[in-house]
file run.csv (CSV, C-alpha atoms and all ligand atoms)
chain,number,residue,atom,x,y,z
A,743,MET,CA,64.6,28.2,25.7
A,744,ALA,CA,64.7,24.5,25.0
A,745,LYS,CA,61.7,24.1,27.2
A,746,MET,CA,59.7,26.8,25.2
A,747,LYS,CA,60.6,25.0,22.0
A,748,ALA,CA,59.4,21.7,23.3
A,749,LEU,CA,56.2,23.4,24.5
A,750,GLY,CA,55.7,25.0,21.1
A,751,CYS,CA,56.2,21.7,19.4
A,752,PHE,CA,53.8,20.1,21.7
A,753,LEU,CA,51.2,22.7,21.0
A,754,LEU,CA,51.7,22.3,17.3
A,755,ILE,CA,51.3,18.6,17.6
A,756,THR,CA,48.3,19.0,19.7
A,757,LEU,CA,46.8,21.4,17.2
A,758,LEU,CA,47.6,19.1,14.3
A,759,PHE,CA,46.2,16.2,16.1
A,760,SER,CA,43.0,17.9,17.1
A,761,SER,CA,42.5,19.2,13.6
A,762,PHE,CA,43.1,15.6,12.4
A,763,VAL,CA,40.6,14.4,14.9
A,764,SER,CA,38.0,16.9,13.8
A,765,THR,CA,38.5,16.2,10.1
A,766,PHE,CA,38.2,12.5,10.9
A,767,ALA,CA,35.1,13.2,12.9
A,768,LEU,CA,33.6,15.1,10.0
A,769,ILE,CA,34.2,12.3,7.6
A,770,ASN,CA,32.8,9.9,10.0
A,771,VAL,CA,29.6,12.0,10.5
A,772,LYS,CA,29.2,12.1,6.7
A,773,ALA,CA,29.7,8.4,6.4
A,774,LEU,CA,27.2,7.8,9.1
A,775,ALA,CA,24.7,10.2,7.5
A,776,SER,CA,24.8,8.3,4.3
A,777,PHE,CA,24.3,5.0,6.0
A,778,THR,CA,21.6,5.9,8.4
A,779,VAL,CA,19.5,7.6,5.8
A,780,GLN,CA,16.5,5.4,6.6
A,781,SER,CA,16.5,6.2,10.3
A,782,PRO,CA,13.9,9.0,10.2
A,783,PHE,CA,11.6,6.7,8.3
A,784,GLN,CA,11.7,3.9,10.8
A,785,SER,CA,10.0,6.0,13.4
A,786,LEU,CA,6.7,6.2,11.4
A,787,PRO,CA,3.7,4.5,13.0
A,788,GLU,CA,2.8,1.2,11.4
A,789,ASN,CA,-0.6,2.2,10.1
A,790,GLY,CA,-0.3,5.9,10.0
A,791,ASP,CA,-0.1,8.6,7.5
A,792,LEU,CA,2.9,10.3,5.9
A,793,PRO,CA,4.0,13.7,7.3
A,794,LYS,CA,4.1,16.5,4.8
A,795,ASP,CA,7.4,16.9,2.9
A,796,PHE,CA,8.3,13.5,4.2
A,797,GLU,CA,10.4,12.5,1.2
A,798,ASP,CA,12.6,15.6,1.3
A,799,LYS,CA,13.9,14.8,4.8
A,800,GLY,CA,15.6,11.6,3.8
A,801,GLU,CA,18.9,11.6,2.1
A,802,VAL,CA,19.9,8.7,-0.1
A,803,LYS,CA,23.4,7.6,-1.1
A,804,TYR,CA,22.5,7.0,-4.8
A,805,THR,CA,21.7,9.4,-7.5
A,806,PHE,CA,18.6,8.9,-9.6
A,807,GLU,CA,17.4,9.7,-13.0
A,808,ASN,CA,14.7,11.8,-11.5
A,809,LYS,CA,13.2,12.8,-8.1
A,810,ARG,CA,10.2,10.5,-8.4
A,811,LEU,CA,12.4,7.4,-8.8
A,812,LYS,CA,14.3,8.4,-5.7
A,813,THR,CA,11.0,8.7,-3.8
A,814,ALA,CA,10.0,5.2,-5.1
A,815,TYR,CA,13.4,3.9,-3.9
A,816,ILE,CA,12.7,5.2,-0.4
A,817,ALA,CA,9.2,3.5,-0.5
A,818,LEU,CA,10.5,0.2,-1.8
A,819,GLN,CA,13.4,0.0,0.6
A,820,ALA,CA,11.0,0.6,3.5
A,821,TRP,CA,8.9,-2.2,2.1
A,822,LYS,CA,11.9,-4.5,1.9
A,823,LYS,CA,12.6,-3.8,5.5
A,824,ALA,CA,9.0,-4.7,6.4
A,825,ILE,CA,9.3,-8.2,4.8
A,826,TYR,CA,10.0,-11.0,7.3
A,827,SER,CA,10.0,-13.9,4.9
A,828,ASP,CA,10.5,-14.2,1.2
A,829,PRO,CA,10.9,-17.9,0.5
A,830,GLN,CA,11.1,-17.5,-3.3
A,831,ASN,CA,13.7,-14.6,-3.0
A,832,PHE,CA,11.2,-12.5,-4.9
A,833,THR,CA,12.6,-9.2,-3.6
A,834,GLY,CA,16.2,-10.5,-3.7
A,835,ASN,CA,17.3,-7.9,-6.3
A,836,TRP,CA,15.5,-5.0,-4.5
A,837,ASP,CA,18.8,-3.2,-4.0
A,838,GLY,CA,20.5,-0.2,-5.6
A,839,PRO,CA,19.1,2.8,-7.5
A,840,ASP,CA,17.7,1.0,-10.5
A,841,VAL,CA,14.2,0.5,-9.1
A,842,CYS,CA,12.8,-0.3,-12.5
A,843,ALA,CA,14.8,-3.5,-12.6
A,844,TYR,CA,13.4,-4.8,-9.3
A,845,ASN,CA,11.3,-7.9,-9.6
A,846,GLY,CA,7.6,-7.1,-9.8
A,847,VAL,CA,8.2,-3.4,-10.3
A,848,PHE,CA,7.1,-1.8,-13.5
A,849,CYS,CA,8.1,1.6,-14.8
A,850,ALA,CA,6.5,3.7,-17.5
A,851,PRO,CA,6.5,7.4,-18.6
A,852,ALA,CA,4.6,9.6,-16.1
A,853,LEU,CA,1.0,10.2,-17.0
A,854,ASP,CA,1.3,13.9,-16.3
A,855,GLY,CA,3.3,14.6,-19.4
A,856,SER,CA,6.5,15.4,-17.5
A,857,HIS,CA,8.5,12.9,-19.6
A,858,MET,CA,9.8,11.3,-16.5
A,859,THR,CA,10.1,7.5,-16.0
A,860,VAL,CA,8.2,6.6,-12.9
A,861,VAL,CA,7.2,3.4,-11.1
A,862,ALA,CA,3.7,2.8,-12.5
A,863,GLY,CA,2.9,-0.6,-11.1
A,864,ILE,CA,3.8,-3.3,-8.7
A,865,ASP,CA,2.9,-7.0,-9.0
A,866,LEU,CA,3.9,-9.4,-6.3
A,867,ASN,CA,1.1,-11.8,-6.8
A,868,HIS,CA,1.7,-15.3,-5.5
A,869,GLY,CA,4.9,-14.3,-3.9
A,870,ASP,CA,4.2,-16.1,-0.5
A,871,ILE,CA,5.9,-13.1,1.1
A,872,ALA,CA,5.3,-12.4,4.8
A,873,GLY,CA,5.5,-8.9,6.1
A,874,TYR,CA,3.4,-5.7,6.4
A,875,LEU,CA,2.7,-2.6,4.3
A,876,PRO,CA,4.8,0.3,5.6
A,877,VAL,CA,3.5,3.9,5.6
A,878,GLU,CA,6.1,4.8,3.0
A,879,LEU,CA,4.1,3.0,0.3
A,880,GLY,CA,2.0,6.2,0.2
A,881,LEU,CA,5.0,7.7,-1.6
A,882,LEU,CA,4.3,5.6,-4.7
A,883,SER,CA,2.1,8.4,-6.1
A,884,ASP,CA,2.5,7.3,-9.7
A,885,ILE,CA,1.3,3.7,-9.4
A,886,ALA,CA,-1.8,2.7,-11.3
A,887,LEU,CA,-1.7,-0.9,-10.2
A,888,LEU,CA,-0.9,-2.7,-7.0
A,889,HIS,CA,-1.3,-6.4,-7.0
A,890,ILE,CA,-0.1,-8.4,-4.0
A,891,ASN,CA,-2.5,-11.2,-3.9
A,892,SER,CA,-1.7,-14.6,-2.4
A,893,ASN,CA,1.0,-13.5,0.0
A,894,ARG,CA,1.2,-13.4,3.8
A,895,PHE,CA,1.0,-9.7,4.3
A,896,CYS,CA,-0.5,-8.9,7.7
A,897,GLY,CA,-1.6,-5.9,9.8
A,898,VAL,CA,-3.6,-3.1,8.4
A,899,VAL,CA,-3.6,-1.0,5.2
A,900,PRO,CA,-1.9,2.3,6.2
A,901,LYS,CA,-3.7,5.6,6.0
A,902,SER,CA,-1.1,6.8,3.6
A,903,PHE,CA,-2.8,4.7,0.8
A,904,SER,CA,-5.1,7.7,0.3
A,905,LYS,CA,-2.1,9.4,-1.4
A,906,LEU,CA,-2.1,6.9,-4.2
A,907,ARG,CA,-4.0,9.2,-6.4
A,908,LEU,CA,-3.5,7.4,-9.7
A,909,LEU,CA,-4.3,3.9,-8.5
A,910,HIS,CA,-6.8,2.0,-10.7
A,911,GLU,CA,-6.4,-1.5,-9.4
A,912,LEU,CA,-5.8,-2.6,-5.9
A,913,ASP,CA,-5.7,-6.3,-5.2
A,914,ILE,CA,-4.7,-7.3,-1.7
A,915,SER,CA,-6.7,-10.5,-1.7
A,916,ASN,CA,-5.7,-13.7,0.0
A,917,ASN,CA,-3.4,-12.2,2.6
A,918,ARG,CA,-3.7,-11.8,6.4
A,919,PHE,CA,-5.0,-8.2,6.7
A,920,VAL,CA,-7.1,-7.5,9.7
A,921,GLY,CA,-9.1,-4.6,11.2
A,922,PRO,CA,-11.9,-2.5,9.9
A,923,PHE,CA,-12.6,-1.9,6.2
A,924,PRO,CA,-9.4,0.0,4.9
A,925,LYS,CA,-11.0,3.5,4.7
A,926,SER,CA,-7.9,5.0,3.1
A,927,VAL,CA,-9.0,3.5,-0.2
A,928,LEU,CA,-12.2,5.5,-0.2
A,929,SER,CA,-10.4,8.7,-1.2
A,930,ILE,CA,-8.5,7.2,-4.1
A,931,PRO,CA,-10.4,9.0,-6.9
A,932,ASP,CA,-10.0,6.7,-9.9
A,933,LEU,CA,-10.0,3.3,-8.3
A,934,LYS,CA,-11.9,0.9,-10.5
A,935,TYR,CA,-11.0,-2.5,-9.2
A,936,LEU,CA,-10.9,-3.3,-5.5
A,937,ASP,CA,-10.2,-6.8,-4.4
A,938,ILE,CA,-9.8,-7.4,-0.6
A,939,ARG,CA,-11.3,-10.9,-0.5
A,940,PHE,CA,-9.9,-13.7,1.6
A,941,ASN,CA,-8.5,-11.6,4.5
A,942,ASP,CA,-9.8,-11.0,8.0
A,943,PHE,CA,-11.3,-7.6,7.7
A,944,GLU,CA,-14.2,-7.1,10.1
A,945,GLY,CA,-16.9,-4.7,11.2
A,946,GLU,CA,-19.2,-2.7,9.0
A,947,LEU,CA,-18.8,-1.4,5.5
A,948,PRO,CA,-18.6,2.4,5.2
A,949,SER,CA,-21.5,3.8,3.2
A,950,GLU,CA,-19.1,5.8,1.0
A,951,LEU,CA,-17.8,2.5,-0.5
A,952,PHE,CA,-20.8,2.4,-2.9
A,953,ASP,CA,-20.3,6.0,-3.9
A,954,MET,CA,-17.0,5.2,-5.5
A,955,LYS,CA,-16.8,4.7,-9.3
A,956,LEU,CA,-15.8,1.1,-9.1
A,957,ASP,CA,-16.2,-1.5,-11.8
A,958,ALA,CA,-15.5,-4.5,-9.6
A,959,LEU,CA,-15.7,-5.0,-5.8
A,960,PHE,CA,-14.6,-8.3,-4.1
A,961,LEU,CA,-15.4,-8.4,-0.4
A,962,ASN,CA,-16.0,-12.1,0.0
A,963,ASN,CA,-14.4,-14.3,2.6
A,964,ASN,CA,-13.8,-11.8,5.3
A,965,ARG,CA,-15.5,-11.2,8.7
A,966,PHE,CA,-17.6,-8.2,7.7
A,967,SER,CA,-20.8,-7.9,9.8
A,968,SER,CA,-23.8,-5.7,10.3
A,969,SER,CA,-26.1,-4.6,7.5
A,970,ILE,CA,-25.2,-3.7,3.9
A,971,PRO,CA,-25.4,0.1,3.6
A,972,GLU,CA,-28.4,1.6,1.8
A,973,THR,CA,-26.0,3.4,-0.6
A,974,LEU,CA,-25.5,0.1,-2.4
A,975,GLY,CA,-27.7,1.3,-5.2
A,976,ASN,CA,-25.3,4.1,-6.0
A,977,SER,CA,-22.6,1.6,-7.0
A,978,THR,CA,-21.4,1.6,-10.6
A,979,ALA,CA,-19.9,-1.8,-10.2
A,980,SER,CA,-20.8,-4.6,-12.6
A,981,ILE,CA,-19.7,-7.3,-10.1
A,982,ILE,CA,-19.9,-7.3,-6.3
A,983,LEU,CA,-19.2,-10.3,-4.1
A,984,PHE,CA,-20.4,-10.3,-0.5
A,985,ALA,CA,-20.2,-14.0,0.0
A,986,ASN,CA,-18.9,-15.7,3.1
A,987,ASN,CA,-19.1,-12.9,5.6
A,988,LYS,CA,-21.5,-12.2,8.4
A,989,PHE,CA,-23.7,-9.5,6.9
A,990,SER,CA,-27.1,-9.3,8.5
A,991,GLY,CA,-30.3,-7.4,7.9
A,992,CYS,CA,-32.0,-6.9,4.5
A,993,ILE,CA,-30.6,-6.5,1.1
A,994,PRO,CA,-31.0,-2.8,0.5
A,995,SER,CA,-33.9,-2.0,-1.8
A,996,SER,CA,-31.7,0.5,-3.6
A,997,ILE,CA,-30.1,-2.5,-5.4
A,998,GLY,CA,-32.8,-1.9,-8.0
A,999,LYS,CA,-31.0,1.2,-9.1
A,1000,MET,CA,-27.8,-0.6,-10.0
A,1001,SER,CA,-27.8,-0.2,-13.8
A,1002,ASN,CA,-24.3,-1.8,-14.4
A,1003,LEU,CA,-24.8,-4.8,-12.2
A,1004,GLN,CA,-24.1,-8.1,-13.9
A,1005,GLU,CA,-23.2,-10.4,-11.0
A,1006,VAL,CA,-23.8,-10.1,-7.3
A,1007,ILE,CA,-23.3,-12.9,-4.8
A,1008,PHE,CA,-24.6,-12.9,-1.3
A,1009,LEU,CA,-24.0,-16.5,-0.5
A,1010,ASN,CA,-23.4,-17.6,3.1
A,1011,ASN,CA,-24.2,-14.6,5.2
A,1012,ASP,CA,-26.8,-13.9,7.9
A,1013,LEU,CA,-29.1,-11.8,5.8
A,1014,SER,CA,-32.7,-12.1,6.7
A,1015,GLY,CA,-35.7,-12.8,4.5
A,1016,CYS,CA,-36.6,-9.6,3.0
A,1017,LEU,CA,-36.0,-9.7,-0.7
A,1018,PRO,CA,-36.5,-6.1,-1.9
A,1019,PRO,CA,-39.0,-5.4,-4.7
A,1020,GLY,CA,-36.2,-3.6,-6.6
A,1021,LEU,CA,-34.7,-6.9,-7.5
A,1022,GLY,CA,-37.2,-7.3,-10.3
A,1023,PHE,CA,-35.7,-4.3,-12.2
A,1024,LEU,CA,-32.2,-5.8,-12.5
A,1025,GLY,CA,-32.3,-6.6,-16.2
A,1026,ASN,CA,-28.6,-7.2,-16.7
A,1027,VAL,CA,-27.9,-9.5,-13.8
A,1028,SER,CA,-26.8,-12.9,-14.9
A,1029,VAL,CA,-25.8,-14.4,-11.6
A,1030,MET,CA,-27.4,-13.5,-8.4
A,1031,ASP,CA,-26.7,-16.1,-5.8
A,1032,ILE,CA,-28.6,-15.7,-2.6
A,1033,SER,CA,-28.8,-19.3,-1.7
A,1034,GLU,CA,-27.9,-20.1,1.9
A,1035,THR,CA,-28.3,-16.4,2.5
A,1036,ILE,CA,-32.0,-15.9,3.3
A,1037,SER,CA,-33.0,-17.5,6.6
A,1101,LIG,C1,18.4,-13.7,-3.7
A,1101,LIG,O1,18.6,-13.0,-4.8
A,1101,LIG,C2,19.8,-12.2,-4.8
A,1101,LIG,C3,19.8,-11.3,-6.1
A,1101,LIG,O2,19.2,-12.0,-7.2
A,1101,LIG,C4,21.0,-13.0,-4.7
A,1101,LIG,O3,22.2,-12.2,-4.7
A,1101,LIG,C5,20.9,-13.8,-3.4
A,1101,LIG,O4,22.0,-14.7,-3.3
A,1101,LIG,C6,19.6,-14.6,-3.4
A,1101,LIG,N1,19.5,-15.3,-2.1
A,1101,LIG,C7,19.2,-16.5,-1.9
A,1101,LIG,C8,19.0,-17.0,-0.5
A,1101,LIG,O5,19.0,-17.3,-2.9
A,1102,LIG,C1,-26.4,7.3,-2.3
A,1102,LIG,O1,-27.5,6.7,-1.8
A,1102,LIG,C2,-28.1,7.3,-0.8
A,1102,LIG,C3,-29.2,6.4,-0.2
A,1102,LIG,O2,-29.8,5.6,-1.2
A,1102,LIG,C4,-28.6,8.6,-1.2
A,1102,LIG,O3,-29.3,9.3,-0.2
A,1102,LIG,C5,-27.4,9.5,-1.7
A,1102,LIG,O4,-27.9,10.7,-2.2
A,1102,LIG,C6,-26.7,8.7,-2.8
A,1102,LIG,N1,-25.4,9.5,-3.1
A,1102,LIG,C7,-25.0,9.7,-4.3
A,1102,LIG,C8,-23.7,10.4,-4.4
A,1102,LIG,O5,-25.7,9.4,-5.3
call {"tool": "encode", "arguments": {"input": "run.csv", "output": "structure tokens"}}
result
Amino acid sequence: MAKMKALGCFLLITLLFSSFVSTFALINVKALASFTVQSPFQSLPENGDLPKDFEDKGEVKYTFENKRLKTAYIALQAWKKAIYSDPQNFTGNWDGPDVCAYNGVFCAPALDGSHMTVVAGIDLNHGDIAGYLPVELGLLSDIALLHINSNRFCGVVPKSFSKLRLLHELDISNNRFVGPFPKSVLSIPDLKYLDIRFNDFEGELPSELFDMKLDALFLNNNRFSSSIPETLGNSTASIILFANNKFSGCIPSSIGKMSNLQEVIFLNNDLSGCLPPGLGFLGNVSVMDISETIS
């Protein structure tokens, strides 16, 4: 009888203990889940695109004023992780849910009339920051302005940049980007200002570049080579800088169609001596430097 009692007690204790263990395990799993929220994001390829419904997969430990600020938080935290050096501590306050208070991050009412506050612009100019651009930046679908000039960002511009549908100004100049022309920018519908000068981009320019509705295009001081596409004449830009690259061949004769053109600089390339007759029709052009260009 005493034996049975002892066994019963033992069973009870075992049961109690195991339920304690499983409750504890449950709490633990929950705690883990809230701290490892970023883990699905880290597996994204460095230059790739975002999977569909990507932002819905990640859980975040904070609550946000609206869903788009949460999405911006995910993107900005991924970017912070992709920063190797920040000597001025520029991103030092990039913590917590108030993304609108982060240095260099600007919020504004959403343009689509939804009365939401959204991240509308990012300006890290002259930050001297080293790192790369994570795929998650494609989540910042409300930004109209991205200025990161004069930093030490390297690698390539991720494919996900094509998802920045409202972007008007992209300035990634004076960094350490490499690889071919960042084609993801070609499908940004309202891009007006594209500045990629002073990087190490190489290869040829895509012909679609000049079909964009740009106002200003800065390509100078890279390693672009091969000829300038014949589509040049389609460009709506008033200023285009080609200087200090390795462009070869002729200046396309379509340049004569560029009715908005005010300044174009071909300085220091390998273009050969074939000034197109179209040049005479460029009434608005005030500066057209082809010195040291024509051999
Ligand atoms: C960077 O800035 C954060 C927030 O402003 C601060 O807490 C931190 O101590 C700073 N770090 C350094 C190294 O100055
Ligand atoms: C762009 O230019 C090319 C070559 O000059 C021409 O064939 C093409 O139709 C133009 N595209 C647009 C959209 O105007």
call {"tool": "residues_around", "arguments": {"input": "run.csv", "residues": "range 857-868 of chain A", "least_positions_apart": "4", "cutoff": "6 Å", "atoms": "all atoms listed in the file", "output": "PyMOL selection string"}}
result
chain A and resi 811+846-852+884-893
call {"tool": "atom_distance", "arguments": {"input": "run.csv", "atom1": "CA of Tyr874 in chain A", "atom2": "CA of Ile825 in chain A"}}
result
6.6 Å
call {"tool": "residues_near_ligand", "arguments": {"input": "run.csv", "ligand": "ligand LIG 1102 (chain A)", "cutoff": "8 Å", "atoms": "only C-alpha atoms and all ligand atoms", "output": "PyMOL selection string"}}
result
chain A and resi 952-953+972-976+996
call {"tool": "closest_atom_pairs", "arguments": {"input": "run.csv", "of": "chain A", "to": "ligand LIG 1101 (chain A)", "cutoff": "9 Å", "atoms": "only C-alpha atoms and all ligand atoms", "output": "tab-separated table"}}
result
residue	atom	partner	partner_atom	distance
A:Pro829	CA	A:LIG1101	C8	8.2
A:Gln830	CA	A:LIG1101	O5	7.9
A:Asn831	CA	A:LIG1101	C1	4.8
A:Phe832	CA	A:LIG1101	C1	7.4
A:Thr833	CA	A:LIG1101	O1	7.2
A:Gly834	CA	A:LIG1101	O1	3.6
A:Asn835	CA	A:LIG1101	C3	4.2
A:Trp836	CA	A:LIG1101	C3	7.8
A:Asp837	CA	A:LIG1101	C3	8.4
call {"tool": "atom_distance", "arguments": {"input": "run.csv", "atom1": "CA of Asn917 in chain A", "atom2": "CA of Ala814 in chain A"}}
result
23.3 Å
call {"tool": "atom_distance", "arguments": {"input": "run.csv", "atom1": "CA of Lys809 in chain A", "atom2": "CA of Pro931 in chain A"}}
result
23.9 Å
call {"tool": "residues_around", "arguments": {"input": "run.csv", "residues": "Leu936 in chain A", "least_positions_apart": "4", "cutoff": "12 Å", "atoms": "all atoms listed in the file", "output": "ChimeraX atom specification"}}
result
/A:887-889,891,909-915,923-924,927-928,930,932,951-952,954-962,979,981-983
call {"tool": "residues_around", "arguments": {"input": "run.csv", "residues": "range 920-922 of chain A", "least_positions_apart": "3", "cutoff": "9 Å", "atoms": "only C-alpha atoms", "output": "list in words"}}
result
Cys896, Gly897, Val898, Val899, Lys925, Asn941, Asp942, Phe943, Glu944, Gly945, Glu946, Leu947 and Phe966 of chain A
call {"tool": "decode", "arguments": {"input": "run.csv", "residues": "range 913-939 of chain A", "atoms": "N, CA and C atoms", "output": "JSON list (two decimals), in the first residue's frame"}}
result
[["chain", "number", "residue", "atom", "x", "y", "z"],
["A", 913, "ASP", "N", 20.94, 58.56, -55.68],
["A", 913, "ASP", "CA", 22.32, 59.01, -55.72],
["A", 913, "ASP", "C", 23.19, 58.03, -54.93],
["A", 914, "ILE", "N", 23.92, 57.21, -55.66],
["A", 914, "ILE", "CA", 24.83, 56.25, -55.01],
["A", 914, "ILE", "C", 26.27, 56.58, -55.39],
["A", 915, "SER", "N", 26.50, 57.85, -55.75],
["A", 915, "SER", "CA", 27.81, 58.24, -56.26],
["A", 915, "SER", "C", 28.88, 58.22, -55.17],
["A", 916, "ASN", "N", 30.12, 58.10, -55.65],
["A", 916, "ASN", "CA", 31.27, 58.13, -54.75],
["A", 916, "ASN", "C", 31.20, 57.04, -53.68],
["A", 917, "ASN", "N", 31.02, 55.81, -54.15],
["A", 917, "ASN", "CA", 31.07, 54.63, -53.29],
["A", 917, "ASN", "C", 31.97, 53.60, -53.95],
["A", 918, "ARG", "N", 31.79, 52.35, -53.64],
["A", 918, "ARG", "CA", 32.67, 51.31, -54.19],
["A", 918, "ARG", "C", 31.88, 50.22, -54.88],
["A", 919, "PHE", "N", 30.82, 50.62, -55.56],
["A", 919, "PHE", "CA", 30.00, 49.63, -56.26],
["A", 919, "PHE", "C", 30.72, 49.12, -57.51],
["A", 920, "VAL", "N", 30.48, 47.85, -57.80],
["A", 920, "VAL", "CA", 31.14, 47.20, -58.93],
["A", 920, "VAL", "C", 30.09, 46.48, -59.79],
["A", 921, "GLY", "N", 30.58, 45.85, -60.83],
["A", 921, "GLY", "CA", 29.70, 45.02, -61.67],
["A", 921, "GLY", "C", 29.11, 45.81, -62.81],
["A", 922, "PRO", "N", 28.23, 45.17, -63.57],
["A", 922, "PRO", "CA", 27.63, 45.85, -64.71],
["A", 922, "PRO", "C", 26.68, 46.96, -64.27],
["A", 923, "PHE", "N", 26.26, 47.76, -65.21],
["A", 923, "PHE", "CA", 25.28, 48.82, -64.93],
["A", 923, "PHE", "C", 24.13, 48.20, -64.12],
["A", 924, "PRO", "N", 23.68, 48.85, -63.02],
["A", 924, "PRO", "CA", 22.63, 48.27, -62.16],
["A", 924, "PRO", "C", 21.27, 48.28, -62.85],
["A", 925, "LYS", "N", 20.97, 47.19, -63.55],
["A", 925, "LYS", "CA", 19.78, 47.15, -64.41],
["A", 925, "LYS", "C", 18.47, 47.27, -63.65],
["A", 926, "SER", "N", 18.49, 46.97, -62.34],
["A", 926, "SER", "CA", 17.24, 47.07, -61.58],
["A", 926, "SER", "C", 16.66, 48.48, -61.63],
["A", 927, "VAL", "N", 17.50, 49.50, -61.83],
["A", 927, "VAL", "CA", 16.97, 50.88, -61.83],
["A", 927, "VAL", "C", 16.17, 51.18, -63.09],
["A", 928, "LEU", "N", 16.37, 50.37, -64.13],
["A", 928, "LEU", "CA", 15.70, 50.66, -65.40],
["A", 928, "LEU", "C", 14.18, 50.55, -65.29],
["A", 929, "SER", "N", 13.70, 49.74, -64.35],
["A", 929, "SER", "CA", 12.25, 49.58, -64.24],
["A", 929, "SER", "C", 11.63, 50.43, -63.14],
["A", 930, "ILE", "N", 12.37, 51.40, -62.63],
["A", 930, "ILE", "CA", 11.78, 52.35, -61.67],
["A", 930, "ILE", "C", 11.08, 53.42, -62.51],
["A", 931, "PRO", "N", 9.75, 53.46, -62.45],
["A", 931, "PRO", "CA", 9.03, 54.22, -63.48],
["A", 931, "PRO", "C", 9.23, 55.74, -63.45],
["A", 932, "ASP", "N", 9.37, 56.33, -62.25],
["A", 932, "ASP", "CA", 9.42, 57.80, -62.18],
["A", 932, "ASP", "C", 10.79, 58.34, -61.81],
["A", 933, "LEU", "N", 11.81, 57.54, -62.00],
["A", 933, "LEU", "CA", 13.16, 58.02, -61.64],
["A", 933, "LEU", "C", 13.53, 59.22, -62.51],
["A", 934, "LYS", "N", 13.97, 60.31, -61.87],
["A", 934, "LYS", "CA", 14.31, 61.54, -62.59],
["A", 934, "LYS", "C", 15.79, 61.86, -62.50],
["A", 935, "TYR", "N", 16.38, 61.44, -61.40],
["A", 935, "TYR", "CA", 17.76, 61.83, -61.13],
["A", 935, "TYR", "C", 18.54, 60.56, -60.80],
["A", 936, "LEU", "N", 19.48, 60.22, -61.64],
["A", 936, "LEU", "CA", 20.26, 59.00, -61.41],
["A", 936, "LEU", "C", 21.74, 59.36, -61.40],
["A", 937, "ASP", "N", 22.35, 59.20, -60.26],
["A", 937, "ASP", "CA", 23.76, 59.57, -60.10],
["A", 937, "ASP", "C", 24.54, 58.35, -59.60],
["A", 938, "ILE", "N", 25.33, 57.77, -60.50],
["A", 938, "ILE", "CA", 26.14, 56.60, -60.11],
["A", 938, "ILE", "C", 27.63, 56.87, -60.33],
["A", 939, "ARG", "N", 27.98, 58.16, -60.46],
["A", 939, "ARG", "CA", 29.38, 58.50, -60.79],
["A", 939, "ARG", "C", 30.34, 58.13, -59.65]]
